[in-house]
>>> print(open('query-v5.txt').read())   # compact mmCIF, N, CA and C atoms
# COMPACT_ATOMS: atom_id res chain seq x y z
N MET B 28 0.84 -1.18 0.00
CA MET B 28 0.00 0.00 0.00
C MET B 28 0.88 1.24 0.00
N MET B 29 0.54 2.19 -0.86
CA MET B 29 1.33 3.40 -0.95
C MET B 29 1.03 4.30 0.24
N THR B 30 2.10 4.89 0.80
CA THR B 30 1.91 5.86 1.89
C THR B 30 2.44 7.21 1.45
N LEU B 31 1.87 8.26 2.03
CA LEU B 31 2.30 9.62 1.73
C LEU B 31 2.03 10.48 2.95
N ARG B 32 3.08 11.16 3.42
CA ARG B 32 2.94 12.06 4.56
C ARG B 32 3.75 13.32 4.31
N LEU B 33 3.26 14.46 4.79
CA LEU B 33 4.02 15.70 4.79
C LEU B 33 4.46 15.95 6.22
N ILE B 34 5.76 16.14 6.42
CA ILE B 34 6.33 16.26 7.75
C ILE B 34 7.12 17.55 7.85
N PRO B 35 6.81 18.41 8.84
CA PRO B 35 7.65 19.61 9.03
C PRO B 35 9.08 19.18 9.36
N TYR B 36 10.05 19.89 8.77
CA TYR B 36 11.46 19.56 8.96
C TYR B 36 12.19 20.82 9.37
N LEU B 37 12.77 20.82 10.58
CA LEU B 37 13.47 21.98 11.11
C LEU B 37 14.97 21.83 10.89
N VAL B 38 15.58 22.84 10.27
CA VAL B 38 17.02 22.83 10.07
C VAL B 38 17.64 23.79 11.09
N MET B 39 18.43 23.22 12.00
CA MET B 39 18.98 23.98 13.11
C MET B 39 20.45 24.31 12.86
N ASN B 40 20.97 25.25 13.64
CA ASN B 40 22.34 25.72 13.46
C ASN B 40 23.23 25.22 14.59
N GLY B 41 23.24 23.88 14.79
CA GLY B 41 24.10 23.31 15.81
C GLY B 41 23.41 23.06 17.14
N ASN B 42 22.12 23.41 17.24
CA ASN B 42 21.42 23.23 18.52
C ASN B 42 20.22 22.30 18.40
N ALA B 43 20.25 21.37 17.45
CA ALA B 43 19.13 20.45 17.29
C ALA B 43 18.97 19.56 18.52
N LYS B 44 20.08 19.09 19.09
CA LYS B 44 20.01 18.22 20.27
C LYS B 44 19.31 18.96 21.42
N GLU B 45 19.67 20.23 21.60
CA GLU B 45 19.04 21.07 22.62
C GLU B 45 17.55 21.26 22.33
N ALA B 46 17.21 21.46 21.05
CA ALA B 46 15.80 21.64 20.67
C ALA B 46 15.00 20.37 20.96
N ILE B 47 15.59 19.20 20.66
CA ILE B 47 14.90 17.94 20.92
C ILE B 47 14.61 17.80 22.41
N GLU B 48 15.61 18.08 23.25
CA GLU B 48 15.42 17.99 24.71
C GLU B 48 14.36 18.98 25.17
N PHE B 49 14.35 20.18 24.58
CA PHE B 49 13.35 21.19 24.92
C PHE B 49 11.94 20.70 24.57
N TYR B 50 11.78 20.14 23.36
CA TYR B 50 10.45 19.67 22.94
C TYR B 50 10.01 18.45 23.75
N GLN B 51 10.96 17.64 24.20
CA GLN B 51 10.61 16.51 25.08
C GLN B 51 9.95 17.04 26.35
N LYS B 52 10.53 18.09 26.93
CA LYS B 52 9.99 18.66 28.17
C LYS B 52 8.73 19.47 27.90
N ALA B 53 8.78 20.33 26.88
CA ALA B 53 7.70 21.29 26.65
C ALA B 53 6.46 20.64 26.02
N LEU B 54 6.67 19.65 25.13
CA LEU B 54 5.57 19.11 24.34
C LEU B 54 5.41 17.60 24.49
N ASP B 55 6.07 16.99 25.48
CA ASP B 55 6.02 15.54 25.68
C ASP B 55 6.45 14.77 24.44
N ALA B 56 7.42 15.30 23.71
CA ALA B 56 7.88 14.65 22.49
C ALA B 56 8.61 13.35 22.82
N GLN B 57 8.43 12.36 21.94
CA GLN B 57 9.15 11.10 22.02
C GLN B 57 10.17 11.06 20.89
N VAL B 58 11.39 10.65 21.19
CA VAL B 58 12.41 10.53 20.15
C VAL B 58 12.24 9.18 19.47
N LEU B 59 11.93 9.19 18.17
CA LEU B 59 11.79 7.96 17.40
C LEU B 59 13.12 7.54 16.78
N PHE B 60 13.94 8.54 16.41
CA PHE B 60 15.22 8.26 15.75
C PHE B 60 16.11 9.48 15.92
N SER B 61 17.38 9.23 16.17
CA SER B 61 18.35 10.33 16.21
C SER B 61 19.71 9.79 15.85
N GLN B 62 20.39 10.49 14.95
CA GLN B 62 21.72 10.08 14.49
C GLN B 62 22.58 11.32 14.36
N SER B 63 23.82 11.22 14.84
CA SER B 63 24.75 12.34 14.71
C SER B 63 25.56 12.19 13.42
N PHE B 64 26.19 13.28 12.99
CA PHE B 64 27.06 13.20 11.82
C PHE B 64 28.17 12.17 12.06
N GLY B 65 28.65 12.07 13.32
CA GLY B 65 29.72 11.12 13.64
C GLY B 65 29.30 9.67 13.50
N GLU B 66 27.99 9.40 13.54
CA GLU B 66 27.48 8.02 13.42
C GLU B 66 27.18 7.63 11.97
N MET B 67 27.29 8.58 11.05
CA MET B 67 27.00 8.30 9.64
C MET B 67 28.20 7.64 8.97
N PRO B 68 27.96 6.94 7.85
CA PRO B 68 29.11 6.44 7.07
C PRO B 68 29.95 7.63 6.61
N GLU B 69 31.27 7.49 6.65
CA GLU B 69 32.13 8.61 6.26
C GLU B 69 32.10 8.83 4.77
N ASN B 70 32.11 10.10 4.38
CA ASN B 70 32.18 10.48 2.97
C ASN B 70 33.54 11.14 2.75
N PRO B 71 34.45 10.47 2.00
CA PRO B 71 35.80 11.03 1.82
C PRO B 71 35.79 12.40 1.15
N GLU B 72 34.74 12.72 0.38
CA GLU B 72 34.66 14.02 -0.28
C GLU B 72 34.34 15.14 0.71
N PHE B 73 33.70 14.78 1.83
CA PHE B 73 33.35 15.77 2.84
C PHE B 73 33.86 15.30 4.21
N PRO B 74 35.18 15.48 4.46
CA PRO B 74 35.70 15.05 5.76
C PRO B 74 34.99 15.79 6.89
N LEU B 75 34.75 15.09 7.96
CA LEU B 75 33.95 15.62 9.06
C LEU B 75 34.83 16.36 10.07
N PRO B 76 34.60 17.66 10.27
CA PRO B 76 35.35 18.36 11.31
C PRO B 76 35.00 17.80 12.69
N ALA B 77 35.96 17.78 13.59
CA ALA B 77 35.75 17.18 14.91
C ALA B 77 34.54 17.79 15.62
N GLU B 78 34.36 19.10 15.47
CA GLU B 78 33.25 19.75 16.19
C GLU B 78 31.88 19.37 15.61
N ALA B 79 31.88 18.71 14.47
CA ALA B 79 30.60 18.35 13.84
C ALA B 79 30.10 16.98 14.28
N LYS B 80 30.96 16.17 14.88
CA LYS B 80 30.60 14.78 15.16
C LYS B 80 29.34 14.65 16.02
N ASP B 81 29.11 15.61 16.92
CA ASP B 81 27.95 15.55 17.81
C ASP B 81 26.72 16.25 17.24
N ARG B 82 26.88 16.95 16.13
CA ARG B 82 25.71 17.60 15.52
C ARG B 82 24.74 16.54 15.02
N VAL B 83 23.46 16.86 15.04
CA VAL B 83 22.41 15.93 14.62
C VAL B 83 22.31 15.94 13.09
N SER B 84 22.55 14.77 12.48
CA SER B 84 22.41 14.67 11.02
C SER B 84 20.96 14.42 10.63
N HIS B 85 20.24 13.71 11.51
CA HIS B 85 18.80 13.50 11.28
C HIS B 85 18.16 12.98 12.55
N ALA B 86 17.00 13.51 12.86
CA ALA B 86 16.23 13.02 14.01
C ALA B 86 14.75 13.13 13.67
N THR B 87 13.98 12.19 14.21
CA THR B 87 12.52 12.24 14.10
C THR B 87 11.96 12.15 15.51
N ILE B 88 11.11 13.10 15.86
CA ILE B 88 10.43 13.05 17.14
C ILE B 88 8.93 13.02 16.88
N LYS B 89 8.18 12.49 17.84
CA LYS B 89 6.73 12.39 17.70
C LYS B 89 6.11 13.24 18.80
N ILE B 90 5.23 14.13 18.38
CA ILE B 90 4.49 14.98 19.31
C ILE B 90 3.02 14.70 19.06
N GLY B 91 2.38 14.03 20.02
CA GLY B 91 0.99 13.62 19.79
C GLY B 91 0.94 12.66 18.62
N GLU B 92 0.14 12.99 17.60
CA GLU B 92 0.01 12.13 16.41
C GLU B 92 0.95 12.55 15.29
N THR B 93 1.76 13.59 15.53
CA THR B 93 2.52 14.20 14.45
C THR B 93 4.02 13.95 14.59
N ASP B 94 4.66 13.61 13.48
CA ASP B 94 6.12 13.51 13.45
C ASP B 94 6.70 14.88 13.11
N LEU B 95 7.87 15.14 13.68
CA LEU B 95 8.63 16.36 13.38
C LEU B 95 10.06 15.91 13.16
N MET B 96 10.69 16.35 12.07
CA MET B 96 12.06 15.97 11.77
C MET B 96 12.97 17.16 12.01
N LEU B 97 14.19 16.88 12.43
CA LEU B 97 15.17 17.93 12.69
C LEU B 97 16.55 17.48 12.23
N SER B 98 17.37 18.46 11.89
CA SER B 98 18.79 18.20 11.69
C SER B 98 19.53 19.50 11.91
N ASP B 99 20.84 19.37 12.13
CA ASP B 99 21.72 20.54 12.16
C ASP B 99 22.30 20.73 10.78
N THR B 100 22.71 21.95 10.48
CA THR B 100 23.46 22.18 9.25
C THR B 100 24.83 21.53 9.42
N PHE B 101 25.41 21.12 8.30
CA PHE B 101 26.79 20.64 8.31
C PHE B 101 27.66 21.88 8.52
N PRO B 102 28.68 21.80 9.39
CA PRO B 102 29.50 23.00 9.65
C PRO B 102 30.02 23.61 8.36
N GLY B 103 29.91 24.91 8.26
CA GLY B 103 30.35 25.60 7.05
C GLY B 103 29.21 25.85 6.08
N GLN B 104 28.12 25.09 6.20
CA GLN B 104 26.96 25.36 5.34
C GLN B 104 26.23 26.57 5.90
N PRO B 105 25.75 27.43 5.02
CA PRO B 105 25.02 28.60 5.52
C PRO B 105 23.72 28.19 6.18
N HIS B 106 23.38 28.88 7.25
CA HIS B 106 22.11 28.65 7.93
C HIS B 106 21.31 29.92 7.79
N GLN B 107 20.18 29.84 7.09
CA GLN B 107 19.34 31.01 6.90
C GLN B 107 18.02 30.78 7.62
N SER B 108 17.56 31.81 8.32
CA SER B 108 16.31 31.63 9.04
C SER B 108 15.15 31.38 8.08
N GLY B 109 15.25 31.82 6.84
CA GLY B 109 14.17 31.61 5.87
C GLY B 109 13.97 30.15 5.50
N ASN B 110 15.05 29.38 5.50
CA ASN B 110 14.90 27.96 5.13
C ASN B 110 15.02 27.06 6.35
N GLN B 111 14.77 27.64 7.52
CA GLN B 111 14.87 26.86 8.75
C GLN B 111 13.77 25.81 8.84
N VAL B 112 12.59 26.13 8.32
CA VAL B 112 11.49 25.17 8.32
C VAL B 112 11.23 24.75 6.88
N THR B 113 11.39 23.45 6.62
CA THR B 113 11.08 22.92 5.31
C THR B 113 10.02 21.85 5.49
N ILE B 114 9.54 21.29 4.39
CA ILE B 114 8.53 20.23 4.46
C ILE B 114 9.13 18.99 3.83
N CYS B 115 9.08 17.90 4.57
CA CYS B 115 9.56 16.62 4.05
C CYS B 115 8.36 15.85 3.50
N ILE B 116 8.41 15.53 2.21
CA ILE B 116 7.39 14.68 1.60
C ILE B 116 7.91 13.25 1.70
N SER B 117 7.25 12.45 2.51
CA SER B 117 7.72 11.08 2.76
C SER B 117 6.76 10.10 2.10
N THR B 118 7.32 9.24 1.23
CA THR B 118 6.51 8.25 0.54
C THR B 118 7.29 6.94 0.47
N ASN B 119 6.58 5.84 0.27
CA ASN B 119 7.27 4.56 0.09
C ASN B 119 7.30 4.16 -1.38
N ASP B 120 6.97 5.09 -2.26
CA ASP B 120 6.86 4.82 -3.69
C ASP B 120 7.85 5.72 -4.44
N ALA B 121 8.94 5.12 -4.95
CA ALA B 121 9.99 5.90 -5.62
C ALA B 121 9.46 6.60 -6.88
N ASP B 122 8.54 5.96 -7.61
CA ASP B 122 7.97 6.60 -8.80
C ASP B 122 7.23 7.87 -8.42
N GLN B 123 6.46 7.79 -7.32
CA GLN B 123 5.73 8.96 -6.84
C GLN B 123 6.72 10.06 -6.42
N ALA B 124 7.80 9.66 -5.74
CA ALA B 124 8.81 10.63 -5.33
C ALA B 124 9.36 11.38 -6.55
N HIS B 125 9.64 10.64 -7.63
CA HIS B 125 10.16 11.26 -8.85
C HIS B 125 9.13 12.21 -9.46
N ARG B 126 7.86 11.81 -9.47
CA ARG B 126 6.80 12.67 -10.03
C ARG B 126 6.71 13.97 -9.24
N PHE B 127 6.66 13.86 -7.91
CA PHE B 127 6.57 15.06 -7.06
C PHE B 127 7.78 15.97 -7.27
N PHE B 128 8.97 15.37 -7.27
CA PHE B 128 10.20 16.14 -7.39
C PHE B 128 10.22 16.90 -8.73
N ASP B 129 9.89 16.19 -9.81
CA ASP B 129 9.90 16.81 -11.13
C ASP B 129 8.87 17.93 -11.23
N ALA B 130 7.71 17.75 -10.61
CA ALA B 130 6.67 18.78 -10.64
C ALA B 130 7.09 20.00 -9.83
N LEU B 131 7.69 19.78 -8.67
CA LEU B 131 8.07 20.89 -7.80
C LEU B 131 9.23 21.72 -8.36
N LYS B 132 10.10 21.08 -9.15
CA LYS B 132 11.26 21.82 -9.66
C LYS B 132 10.90 22.72 -10.85
N ASP B 133 9.68 22.58 -11.38
CA ASP B 133 9.24 23.42 -12.49
C ASP B 133 9.16 24.87 -12.03
N GLY B 134 10.06 25.70 -12.53
CA GLY B 134 10.10 27.10 -12.11
C GLY B 134 10.82 27.30 -10.79
N GLY B 135 11.33 26.22 -10.21
CA GLY B 135 12.01 26.30 -8.92
C GLY B 135 13.50 26.03 -9.06
N GLN B 136 14.10 25.62 -7.95
CA GLN B 136 15.54 25.41 -7.93
C GLN B 136 15.87 24.14 -7.16
N VAL B 137 16.66 23.28 -7.77
CA VAL B 137 17.05 22.01 -7.15
C VAL B 137 18.20 22.26 -6.18
N GLY B 138 18.01 21.86 -4.91
CA GLY B 138 19.08 21.96 -3.92
C GLY B 138 19.98 20.74 -3.96
N MET B 139 19.35 19.56 -4.06
CA MET B 139 20.07 18.29 -4.20
C MET B 139 19.25 17.42 -5.14
N PRO B 140 19.84 16.99 -6.25
CA PRO B 140 19.08 16.17 -7.20
C PRO B 140 18.54 14.91 -6.51
N LEU B 141 17.37 14.45 -6.97
CA LEU B 141 16.78 13.23 -6.42
C LEU B 141 17.70 12.07 -6.78
N GLN B 142 18.18 11.35 -5.77
CA GLN B 142 19.17 10.31 -6.00
C GLN B 142 19.14 9.29 -4.88
N GLU B 143 19.76 8.15 -5.15
CA GLU B 143 19.90 7.12 -4.12
C GLU B 143 20.95 7.57 -3.13
N THR B 144 20.65 7.41 -1.83
CA THR B 144 21.60 7.74 -0.77
C THR B 144 21.71 6.53 0.14
N PHE B 145 22.59 6.61 1.14
CA PHE B 145 22.73 5.47 2.06
C PHE B 145 21.48 5.29 2.91
N PHE B 146 20.62 6.34 2.99
CA PHE B 146 19.44 6.24 3.86
C PHE B 146 18.12 6.19 3.08
N SER B 147 18.18 6.31 1.76
CA SER B 147 16.93 6.33 0.98
C SER B 147 17.20 5.92 -0.46
N PRO B 148 16.26 5.16 -1.07
CA PRO B 148 16.41 4.82 -2.49
C PRO B 148 16.23 6.02 -3.41
N ALA B 149 15.56 7.08 -2.93
CA ALA B 149 15.38 8.29 -3.74
C ALA B 149 15.15 9.47 -2.80
N TYR B 150 16.17 10.36 -2.69
CA TYR B 150 16.09 11.52 -1.81
C TYR B 150 16.63 12.73 -2.54
N GLY B 151 15.98 13.86 -2.35
CA GLY B 151 16.49 15.11 -2.91
C GLY B 151 15.78 16.28 -2.26
N SER B 152 16.28 17.48 -2.56
CA SER B 152 15.61 18.67 -2.05
C SER B 152 15.44 19.67 -3.18
N VAL B 153 14.32 20.38 -3.12
CA VAL B 153 13.99 21.33 -4.17
C VAL B 153 13.21 22.49 -3.56
N THR B 154 13.53 23.69 -4.03
CA THR B 154 12.78 24.87 -3.61
C THR B 154 11.85 25.24 -4.76
N ASP B 155 10.55 25.29 -4.48
CA ASP B 155 9.60 25.53 -5.57
C ASP B 155 9.58 27.02 -5.96
N LYS B 156 8.78 27.35 -6.96
CA LYS B 156 8.78 28.71 -7.49
C LYS B 156 8.25 29.73 -6.48
N PHE B 157 7.67 29.26 -5.37
CA PHE B 157 7.18 30.16 -4.33
C PHE B 157 8.19 30.33 -3.20
N GLY B 158 9.35 29.67 -3.32
CA GLY B 158 10.38 29.78 -2.30
C GLY B 158 10.23 28.80 -1.15
N ILE B 159 9.34 27.80 -1.30
CA ILE B 159 9.15 26.79 -0.27
C ILE B 159 10.07 25.61 -0.57
N THR B 160 10.87 25.20 0.43
CA THR B 160 11.80 24.09 0.24
C THR B 160 11.15 22.78 0.69
N PHE B 161 11.20 21.81 -0.20
CA PHE B 161 10.68 20.47 0.07
C PHE B 161 11.84 19.48 0.03
N GLN B 162 11.87 18.59 1.00
CA GLN B 162 12.75 17.43 0.93
C GLN B 162 11.88 16.26 0.51
N VAL B 163 12.24 15.60 -0.57
CA VAL B 163 11.49 14.44 -1.03
C VAL B 163 12.24 13.21 -0.57
N PHE B 164 11.57 12.40 0.28
CA PHE B 164 12.20 11.25 0.92
C PHE B 164 11.42 9.99 0.59
N THR B 165 12.11 8.98 0.09
CA THR B 165 11.49 7.69 -0.17
C THR B 165 11.90 6.73 0.93
N GLU B 166 10.90 6.14 1.58
CA GLU B 166 11.17 5.17 2.66
C GLU B 166 11.63 3.86 2.05
N GLY B 167 12.32 3.07 2.86
CA GLY B 167 12.69 1.73 2.41
C GLY B 167 14.14 1.58 2.14
N ARG B 168 14.93 1.39 3.17
CA ARG B 168 16.36 1.17 3.02
C ARG B 168 16.73 -0.08 3.75
>>> encode(input="query-v5.txt", output="structure tokens")
Amino acid sequence: MMTLRLIPYLVMNGNAKEAIEFYQKALDAQVLFSQSFGEMPENPEFPLPAEAKDRVSHATIKIGETDLMLSDTFPGQPHQSGNQVTICISTNDADQAHRFFDALKDGGQVGMPLQETFFSPAYGSVTDKFGITFQVFTEGR
């Protein structure tokens, strides 16, 4: 059965771990998944600075019935308050992911081409013509 969810995604500037702890206390959030940059497979093209190892590369928390995703920026990447909140389109259908990605990039700008990654068979990011950034994520790794 095909699934489709839109999930708010917060991009933090090195304080995602602190934000998660805050939401646990303030909103009774449950941590479903959390991984630091130091726990990811190493990418020789992007050596990891020591201070980045504890930054959150990806986390999912649950608040009530709703999932919320968070990550920190990779050190050196610009952090803009305008793109701090993005929307993650999560589906288990790679064909659907490609359709959504191709439709959203019309008149917009691709941040990361839709591609296979170590965590997803099809993942990419695109800012649509209205300036809204979507992360398209295909489940199933």
>>> residues_around(input="query-v5.txt", residues="range 98-107 of chain B", least_positions_apart="6", cutoff="5 Å", atoms="only N, CA and C atoms", output="mmCIF file with N, CA and C atoms, in the coordinates of the input")
data_model
loop_
_atom_site.group_PDB
_atom_site.id
_atom_site.type_symbol
_atom_site.label_atom_id
_atom_site.label_comp_id
_atom_site.auth_asym_id
_atom_site.auth_seq_id
_atom_site.Cartn_x
_atom_site.Cartn_y
_atom_site.Cartn_z
ATOM 1 N N LEU B 37 12.770 20.820 10.580
ATOM 2 C CA LEU B 37 13.470 21.980 11.110
ATOM 3 C C LEU B 37 14.970 21.830 10.890
ATOM 4 N N VAL B 38 15.580 22.840 10.270
ATOM 5 C CA VAL B 38 17.020 22.830 10.070
ATOM 6 C C VAL B 38 17.640 23.790 11.090
ATOM 7 N N MET B 39 18.430 23.220 12.000
ATOM 8 C CA MET B 39 18.980 23.980 13.110
ATOM 9 C C MET B 39 20.450 24.310 12.860
ATOM 10 N N ASN B 40 20.970 25.250 13.640
ATOM 11 C CA ASN B 40 22.340 25.720 13.460
ATOM 12 C C ASN B 40 23.230 25.220 14.590
ATOM 13 N N GLY B 41 23.240 23.880 14.790
ATOM 14 C CA GLY B 41 24.100 23.310 15.810
ATOM 15 C C GLY B 41 23.410 23.060 17.140
ATOM 16 N N VAL B 83 23.460 16.860 15.040
ATOM 17 C CA VAL B 83 22.410 15.930 14.620
ATOM 18 C C VAL B 83 22.310 15.940 13.090
ATOM 19 N N SER B 84 22.550 14.770 12.480
ATOM 20 C CA SER B 84 22.410 14.670 11.020
ATOM 21 C C SER B 84 20.960 14.420 10.630
ATOM 22 N N HIS B 85 20.240 13.710 11.510
ATOM 23 C CA HIS B 85 18.800 13.500 11.280
ATOM 24 C C HIS B 85 18.160 12.980 12.550
#
>>> closest_residue(input="query-v5.txt", among="B:Phe49, B:Phe164, B:Phe60, B:Tyr36", to="Asn119 in chain B", atoms="all atoms listed in the file")
B:Phe164
>>> atom_distance(input="query-v5.txt", atom1="atom N of Pro35 in chain B", atom2="atom N of Ile114 in chain B")
6.0 Å
>>> atom_distance(input="query-v5.txt", atom1="CA of Ser117 in chain B", atom2="CA of Lys44 in chain B")
22.6 Å
>>> residues_around(input="query-v5.txt", residues="Val58 in chain B", least_positions_apart="6", cutoff="8 Å", atoms="only N, CA and C atoms", output="list in words")
Ile47, Gln51, Ala86, Thr87, Ile88, Lys89 and Ile90 of chain B
>>> residues_around(input="query-v5.txt", residues="Ile159 in chain B", least_positions_apart="4", cutoff="7 Å", atoms="all atoms listed in the file", output="short mmCIF file (atom, residue, chain, number, x, y, z; two decimals) with N, CA and C atoms, in the coordinates of the input")
data_model
loop_
_atom_site.label_atom_id
_atom_site.label_comp_id
_atom_site.auth_asym_id
_atom_site.auth_seq_id
_atom_site.Cartn_x
_atom_site.Cartn_y
_atom_site.Cartn_z
N THR B 113 11.39 23.45 6.62
CA THR B 113 11.08 22.92 5.31
C THR B 113 10.02 21.85 5.49
N ILE B 114 9.54 21.29 4.39
CA ILE B 114 8.53 20.23 4.46
C ILE B 114 9.13 18.99 3.83
N VAL B 153 14.32 20.38 -3.12
CA VAL B 153 13.99 21.33 -4.17
C VAL B 153 13.21 22.49 -3.56
N THR B 154 13.53 23.69 -4.03
CA THR B 154 12.78 24.87 -3.61
C THR B 154 11.85 25.24 -4.76
N ASP B 155 10.55 25.29 -4.48
CA ASP B 155 9.60 25.53 -5.57
C ASP B 155 9.58 27.02 -5.96
#
>>> select_by_dssp(input="query-v5.txt", residues="chain B", states="alpha helix (DSSP H)", output="PyMOL selection string")
chain B and resi 43-54+121-131
>>> atom_distance(input="query-v5.txt", atom1="atom N of Tyr50 in chain B", atom2="atom C of Phe145 in chain B")
27.1 Å
>>> decode(input="query-v5.txt", residues="range 84-99 of chain B", atoms="N, CA and C atoms", output="short mmCIF file (atom, residue, chain, number, x, y, z; two decimals), in the first residue's frame")
data_model
loop_
_atom_site.label_atom_id
_atom_site.label_comp_id
_atom_site.auth_asym_id
_atom_site.auth_seq_id
_atom_site.Cartn_x
_atom_site.Cartn_y
_atom_site.Cartn_z
N SER B 84 22.55 14.77 12.48
CA SER B 84 22.41 14.67 11.02
C SER B 84 20.96 14.42 10.63
N HIS B 85 20.24 13.71 11.51
CA HIS B 85 18.80 13.50 11.28
C HIS B 85 18.16 12.98 12.55
N ALA B 86 17.00 13.51 12.86
CA ALA B 86 16.23 13.02 14.01
C ALA B 86 14.75 13.13 13.67
N THR B 87 13.98 12.19 14.21
CA THR B 87 12.52 12.24 14.10
C THR B 87 11.96 12.15 15.51
N ILE B 88 11.11 13.10 15.86
CA ILE B 88 10.43 13.05 17.14
C ILE B 88 8.93 13.02 16.88
N LYS B 89 8.18 12.49 17.84
CA LYS B 89 6.73 12.39 17.70
C LYS B 89 6.11 13.24 18.80
N ILE B 90 5.23 14.13 18.38
CA ILE B 90 4.49 14.98 19.31
C ILE B 90 3.02 14.70 19.06
N GLY B 91 2.38 14.03 20.02
CA GLY B 91 0.99 13.62 19.79
C GLY B 91 0.94 12.66 18.62
N GLU B 92 0.14 12.99 17.60
CA GLU B 92 0.01 12.13 16.41
C GLU B 92 0.95 12.55 15.29
N THR B 93 1.76 13.59 15.53
CA THR B 93 2.52 14.20 14.45
C THR B 93 4.02 13.95 14.59
N ASP B 94 4.66 13.61 13.48
CA ASP B 94 6.12 13.51 13.45
C ASP B 94 6.70 14.88 13.11
N LEU B 95 7.87 15.14 13.68
CA LEU B 95 8.63 16.36 13.38
C LEU B 95 10.06 15.91 13.16
N MET B 96 10.69 16.35 12.07
CA MET B 96 12.06 15.97 11.77
C MET B 96 12.97 17.16 12.01
N LEU B 97 14.19 16.88 12.43
CA LEU B 97 15.17 17.93 12.69
C LEU B 97 16.55 17.48 12.23
N SER B 98 17.37 18.46 11.89
CA SER B 98 18.79 18.20 11.69
C SER B 98 19.53 19.50 11.91
N ASP B 99 20.84 19.37 12.13
CA ASP B 99 21.72 20.54 12.16
C ASP B 99 22.30 20.73 10.78
#
